[in-house]
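Here is the structure we will look at.
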Amino acid sequence: MGKKIVVITGSPRKNGNSFAMTDAFIKAAEAKGHTVTRFDAALKSVGGCHDCKTCYKTGKACSFDDDFNMIAPSILEADAVVFTTPVYWYSFPAQIKGVIDRMFSFCVAGKEIAGKECALITCCEEDDVTVMDGVLIPYQKSIELLQWKSIGEVLVPGVYNVGDIDKTDGCKKAAALANAL
């Protein structure tokens, strides 16, 4: 039986390397019979968390009404959540970080989200894989707090220019994550 998967991307570059890996993952997941809902955070309007702790008090995930309120229900219903993003200045890009920060609303409101599967697909310009620690470590700590199970991480260093990913096995590894679901 297929799973409901939410993919949240962090790149504003539609033809970029992380989008190529995202597309490879989605294609493989759908071929396995999974239902995939994709949110391109950089193309949405999602602000940061205000820590007002009024989550779900207005019937929506957040009292500050932006696109997170359309993403949140899909995350709640999902069996798996996949984050795909490039590294920006040794961390998550602001666009996807807003979504991740706002997931705090689930904790504040006592929403049952434990037990989901998740994955991380990321790439960076530099050749040093530790450059991705600023994405990998917050991902690992977040899923520990949420009590999610990582099915895997795809970390691809040394790609920046559009098409650089084609010189690596990044898309193949991203597609292989679908087998772990």
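Identifiers in this document derive from the order of the structure tokens: chains are assigned A, B, ..., residues are numbered from 1 separately in each chain, and ligands are numbered from 1 in order of occurrence.
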- Task: For range 38-52 of chain A, work out the shell of residues within 7 Å, counting only C-alpha atoms and skipping chain neighbours fewer than 3 positions away, then give it as a PyMOL selection string.
- Result: chain A and resi 6-12+66-68+95-96+98-99+101-102
Mind dumping the selected residues with C-alpha atoms as a compact mmCIF listing (two decimals), in the first residue's frame?
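So part.txt came out as:
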```txt
# COMPACT_ATOMS: atom_id res chain seq x y z
CA VAL A 6 5.22 15.35 1.67
CA VAL A 7 8.30 16.79 -0.01
CA ILE A 8 9.42 20.24 1.14
CA THR A 9 12.06 21.94 -0.97
CA GLY A 10 14.26 24.86 0.00
CA SER A 11 15.74 26.07 -3.26
CA PRO A 12 14.49 29.04 -5.25
CA ASP A 66 0.60 32.61 5.41
CA ASP A 67 1.35 29.56 3.25
CA PHE A 68 2.45 27.46 6.22
CA GLN A 95 12.91 29.71 2.79
CA ILE A 96 12.78 26.15 4.16
CA GLY A 98 10.65 29.06 8.09
CA VAL A 99 8.67 25.87 7.45
CA ASP A 101 10.62 26.48 12.56
CA ARG A 102 6.84 26.65 12.20
```
- Task: May I have all residues of range 34-125 of chain A that DSSP, computed from the backbone, assigns to alpha helix (DSSP H), given as a count of residues only?
- Result: 24
- Message: Can you tell me which residues surround Glu153 in chain A at a distance of at most 12 Å, considering only C-alpha atoms, apart from same-chain residues fewer than 4 positions away, and format the answer as a PyMOL selection string?
- Response: chain A and resi 21+25+82-85+117-123+132-133+135-137+139-140+149+170+173-178+180
Using N, CA and C atoms, can you write the selected residues to a file as a PDB file, in the first residue's frame?
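Now in result-v3.pdb:
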```pdb
ATOM      1  N   MET A  21      17.494  16.384  -7.819  1.00  0.00           N
ATOM      2  CA  MET A  21      17.407  15.241  -6.903  1.00  0.00           C
ATOM      3  C   MET A  21      15.980  15.066  -6.384  1.00  0.00           C
ATOM      4  N   PHE A  25      13.674  11.699  -6.788  1.00  0.00           N
ATOM      5  CA  PHE A  25      13.011  11.032  -5.663  1.00  0.00           C
ATOM      6  C   PHE A  25      11.513  10.903  -5.922  1.00  0.00           C
ATOM      7  N   VAL A  82       9.924  14.512   3.433  1.00  0.00           N
ATOM      8  CA  VAL A  82      11.260  14.557   2.845  1.00  0.00           C
ATOM      9  C   VAL A  82      11.645  16.020   2.646  1.00  0.00           C
ATOM     10  N   PHE A  83      12.784  16.385   3.194  1.00  0.00           N
ATOM     11  CA  PHE A  83      13.317  17.740   3.047  1.00  0.00           C
ATOM     12  C   PHE A  83      14.404  17.708   1.982  1.00  0.00           C
ATOM     13  N   THR A  84      14.290  18.562   0.977  1.00  0.00           N
ATOM     14  CA  THR A  84      15.328  18.649  -0.052  1.00  0.00           C
ATOM     15  C   THR A  84      15.766  20.105  -0.151  1.00  0.00           C
ATOM     16  N   THR A  85      17.069  20.318  -0.100  1.00  0.00           N
ATOM     17  CA  THR A  85      17.537  21.699  -0.031  1.00  0.00           C
ATOM     18  C   THR A  85      19.024  21.806  -0.357  1.00  0.00           C
ATOM     19  N   GLU A 117       8.081   8.698   9.002  1.00  0.00           N
ATOM     20  CA  GLU A 117       9.379   8.492   8.365  1.00  0.00           C
ATOM     21  C   GLU A 117       9.796   9.817   7.740  1.00  0.00           C
ATOM     22  N   CYS A 118      11.082   9.987   7.555  1.00  0.00           N
ATOM     23  CA  CYS A 118      11.571  11.217   6.939  1.00  0.00           C
ATOM     24  C   CYS A 118      12.904  10.947   6.260  1.00  0.00           C
ATOM     25  N   ALA A 119      13.293  11.916   5.440  1.00  0.00           N
ATOM     26  CA  ALA A 119      14.573  11.825   4.739  1.00  0.00           C
ATOM     27  C   ALA A 119      15.078  13.230   4.453  1.00  0.00           C
ATOM     28  N   LEU A 120      16.367  13.308   4.204  1.00  0.00           N
ATOM     29  CA  LEU A 120      17.013  14.569   3.860  1.00  0.00           C
ATOM     30  C   LEU A 120      17.793  14.376   2.569  1.00  0.00           C
ATOM     31  N   ILE A 121      17.596  15.296   1.643  1.00  0.00           N
ATOM     32  CA  ILE A 121      18.358  15.326   0.390  1.00  0.00           C
ATOM     33  C   ILE A 121      18.962  16.718   0.305  1.00  0.00           C
ATOM     34  N   THR A 122      20.289  16.803   0.294  1.00  0.00           N
ATOM     35  CA  THR A 122      20.932  18.113   0.272  1.00  0.00           C
ATOM     36  C   THR A 122      22.219  18.093  -0.547  1.00  0.00           C
ATOM     37  N   CYS A 123      22.621  19.265  -0.973  1.00  0.00           N
ATOM     38  CA  CYS A 123      23.864  19.407  -1.739  1.00  0.00           C
ATOM     39  C   CYS A 123      24.488  20.760  -1.415  1.00  0.00           C
ATOM     40  N   MET A 132      27.879  20.383   5.008  1.00  0.00           N
ATOM     41  CA  MET A 132      26.447  20.099   5.145  1.00  0.00           C
ATOM     42  C   MET A 132      26.030  19.815   6.584  1.00  0.00           C
ATOM     43  N   ASP A 133      26.972  19.871   7.532  1.00  0.00           N
ATOM     44  CA  ASP A 133      26.638  19.645   8.942  1.00  0.00           C
ATOM     45  C   ASP A 133      25.600  20.646   9.456  1.00  0.00           C
ATOM     46  N   VAL A 135      23.058  21.657   8.021  1.00  0.00           N
ATOM     47  CA  VAL A 135      21.740  21.154   7.639  1.00  0.00           C
ATOM     48  C   VAL A 135      21.501  19.799   8.304  1.00  0.00           C
ATOM     49  N   LEU A 136      22.500  18.941   8.255  1.00  0.00           N
ATOM     50  CA  LEU A 136      22.364  17.576   8.764  1.00  0.00           C
ATOM     51  C   LEU A 136      22.091  17.525  10.272  1.00  0.00           C
ATOM     52  N   ILE A 137      22.844  18.274  11.056  1.00  0.00           N
ATOM     53  CA  ILE A 137      22.681  18.207  12.513  1.00  0.00           C
ATOM     54  C   ILE A 137      21.316  18.756  12.955  1.00  0.00           C
ATOM     55  N   TYR A 139      18.598  18.770  11.214  1.00  0.00           N
ATOM     56  CA  TYR A 139      17.661  17.748  10.738  1.00  0.00           C
ATOM     57  C   TYR A 139      17.614  16.590  11.731  1.00  0.00           C
ATOM     58  N   GLN A 140      18.777  16.080  12.111  1.00  0.00           N
ATOM     59  CA  GLN A 140      18.839  14.941  13.034  1.00  0.00           C
ATOM     60  C   GLN A 140      18.237  15.284  14.391  1.00  0.00           C
ATOM     61  N   LYS A 149      11.517   8.744  12.192  1.00  0.00           N
ATOM     62  CA  LYS A 149      12.562   7.791  11.824  1.00  0.00           C
ATOM     63  C   LYS A 149      13.129   8.170  10.457  1.00  0.00           C
ATOM     64  N   GLY A 170      24.051  11.646  -7.262  1.00  0.00           N
ATOM     65  CA  GLY A 170      23.059  12.246  -6.382  1.00  0.00           C
ATOM     66  C   GLY A 170      21.627  11.918  -6.743  1.00  0.00           C
ATOM     67  N   LYS A 173      20.948   8.251  -5.957  1.00  0.00           N
ATOM     68  CA  LYS A 173      20.787   8.049  -4.513  1.00  0.00           C
ATOM     69  C   LYS A 173      19.449   8.599  -4.014  1.00  0.00           C
ATOM     70  N   ALA A 174      19.032   9.740  -4.553  1.00  0.00           N
ATOM     71  CA  ALA A 174      17.744  10.319  -4.162  1.00  0.00           C
ATOM     72  C   ALA A 174      16.608   9.380  -4.567  1.00  0.00           C
ATOM     73  N   ALA A 175      16.683   8.856  -5.770  1.00  0.00           N
ATOM     74  CA  ALA A 175      15.652   7.905  -6.238  1.00  0.00           C
ATOM     75  C   ALA A 175      15.644   6.646  -5.383  1.00  0.00           C
ATOM     76  N   ALA A 176      16.805   6.206  -4.949  1.00  0.00           N
ATOM     77  CA  ALA A 176      16.899   4.984  -4.140  1.00  0.00           C
ATOM     78  C   ALA A 176      16.237   5.152  -2.767  1.00  0.00           C
ATOM     79  N   LEU A 177      16.103   6.390  -2.287  1.00  0.00           N
ATOM     80  CA  LEU A 177      15.417   6.609  -1.014  1.00  0.00           C
ATOM     81  C   LEU A 177      13.972   6.091  -1.065  1.00  0.00           C
ATOM     82  N   ALA A 178      13.374   6.130  -2.244  1.00  0.00           N
ATOM     83  CA  ALA A 178      11.995   5.652  -2.382  1.00  0.00           C
ATOM     84  C   ALA A 178      11.894   4.174  -2.026  1.00  0.00           C
ATOM     85  N   ALA A 180      13.352   2.769   0.397  1.00  0.00           N
ATOM     86  CA  ALA A 180      13.404   2.619   1.849  1.00  0.00           C
ATOM     87  C   ALA A 180      12.062   2.881   2.524  1.00  0.00           C
TER      88      ALA A 180
END
```
- Query: Which residues, written as a list in words, have at least one atom at most 9 Å from Glu112 in chain A, with only C-alpha atoms counted and residues fewer than 5 positions away on the same chain left out?
  - Reply: Leu76, Phe106 and Cys107 of chain A
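Remark: for Val81 in chain A, the closest of the candidate residues A:Val36, A:Met1, A:Ala94, A:Ala20 is A:Val36 (distances computed over only C-alpha atoms).
Of the listed residues (A:Asp169, A:Leu155, A:Asn179, A:Thr130), A:Asn179 comes nearest to Glu30 in chain A; the distances count only C-alpha atoms.
Between CA of Gly33 in chain A and CA of Gly2 in chain A the interatomic distance comes to 5.0 Å.
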Polymer residues at most 12 Å from Asp128 in chain A, only C-alpha atoms, same-chain spacing of 6 or more positions, as a CSV table (one decimal) with N, CA and C atoms, in the first residue's frame:
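See around_1.csv below for the written result:
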```
chain,number,residue,atom,x,y,z
A,90,TYR,N,26.3,27.6,4.9
A,90,TYR,CA,26.5,26.5,5.9
A,90,TYR,C,25.3,26.2,6.7
A,155,LEU,N,23.7,13.2,0.8
A,155,LEU,CA,24.5,14.4,0.9
A,155,LEU,C,25.5,14.5,-0.2
A,156,VAL,N,25.3,15.5,-1.1
A,156,VAL,CA,26.2,15.6,-2.3
A,156,VAL,C,26.9,16.9,-2.3
A,157,PRO,N,28.3,16.8,-2.0
A,157,PRO,CA,29.1,18.0,-2.1
A,157,PRO,C,29.6,18.3,-3.5
A,158,GLY,N,30.1,19.5,-3.7
A,158,GLY,CA,30.8,19.8,-5.0
A,158,GLY,C,29.9,20.1,-6.1
A,159,VAL,N,28.7,20.5,-5.9
A,159,VAL,CA,27.8,20.9,-7.0
A,159,VAL,C,27.3,22.3,-6.8
```
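The nearest approach to Met103 in chain A among the residues A:Cys171, A:Asn15, A:Gly59, A:Ser74, with only C-alpha atoms taken into account, belongs to A:Ser74.
Closest approach to Arg13 in chain A among A:Gly163, A:Gly152, A:Gly110, A:Gly134 is made by A:Gly163 (distances from only C-alpha atoms).
Considering only C-alpha atoms, the residue among A:Ile5, A:Lys27, A:Cys62, A:Thr22 positioned nearest to Ser105 in chain A is A:Cys62.
Between CA of Thr58 in chain A and CA of Ala80 in chain A there is a distance of 26.2 Å.
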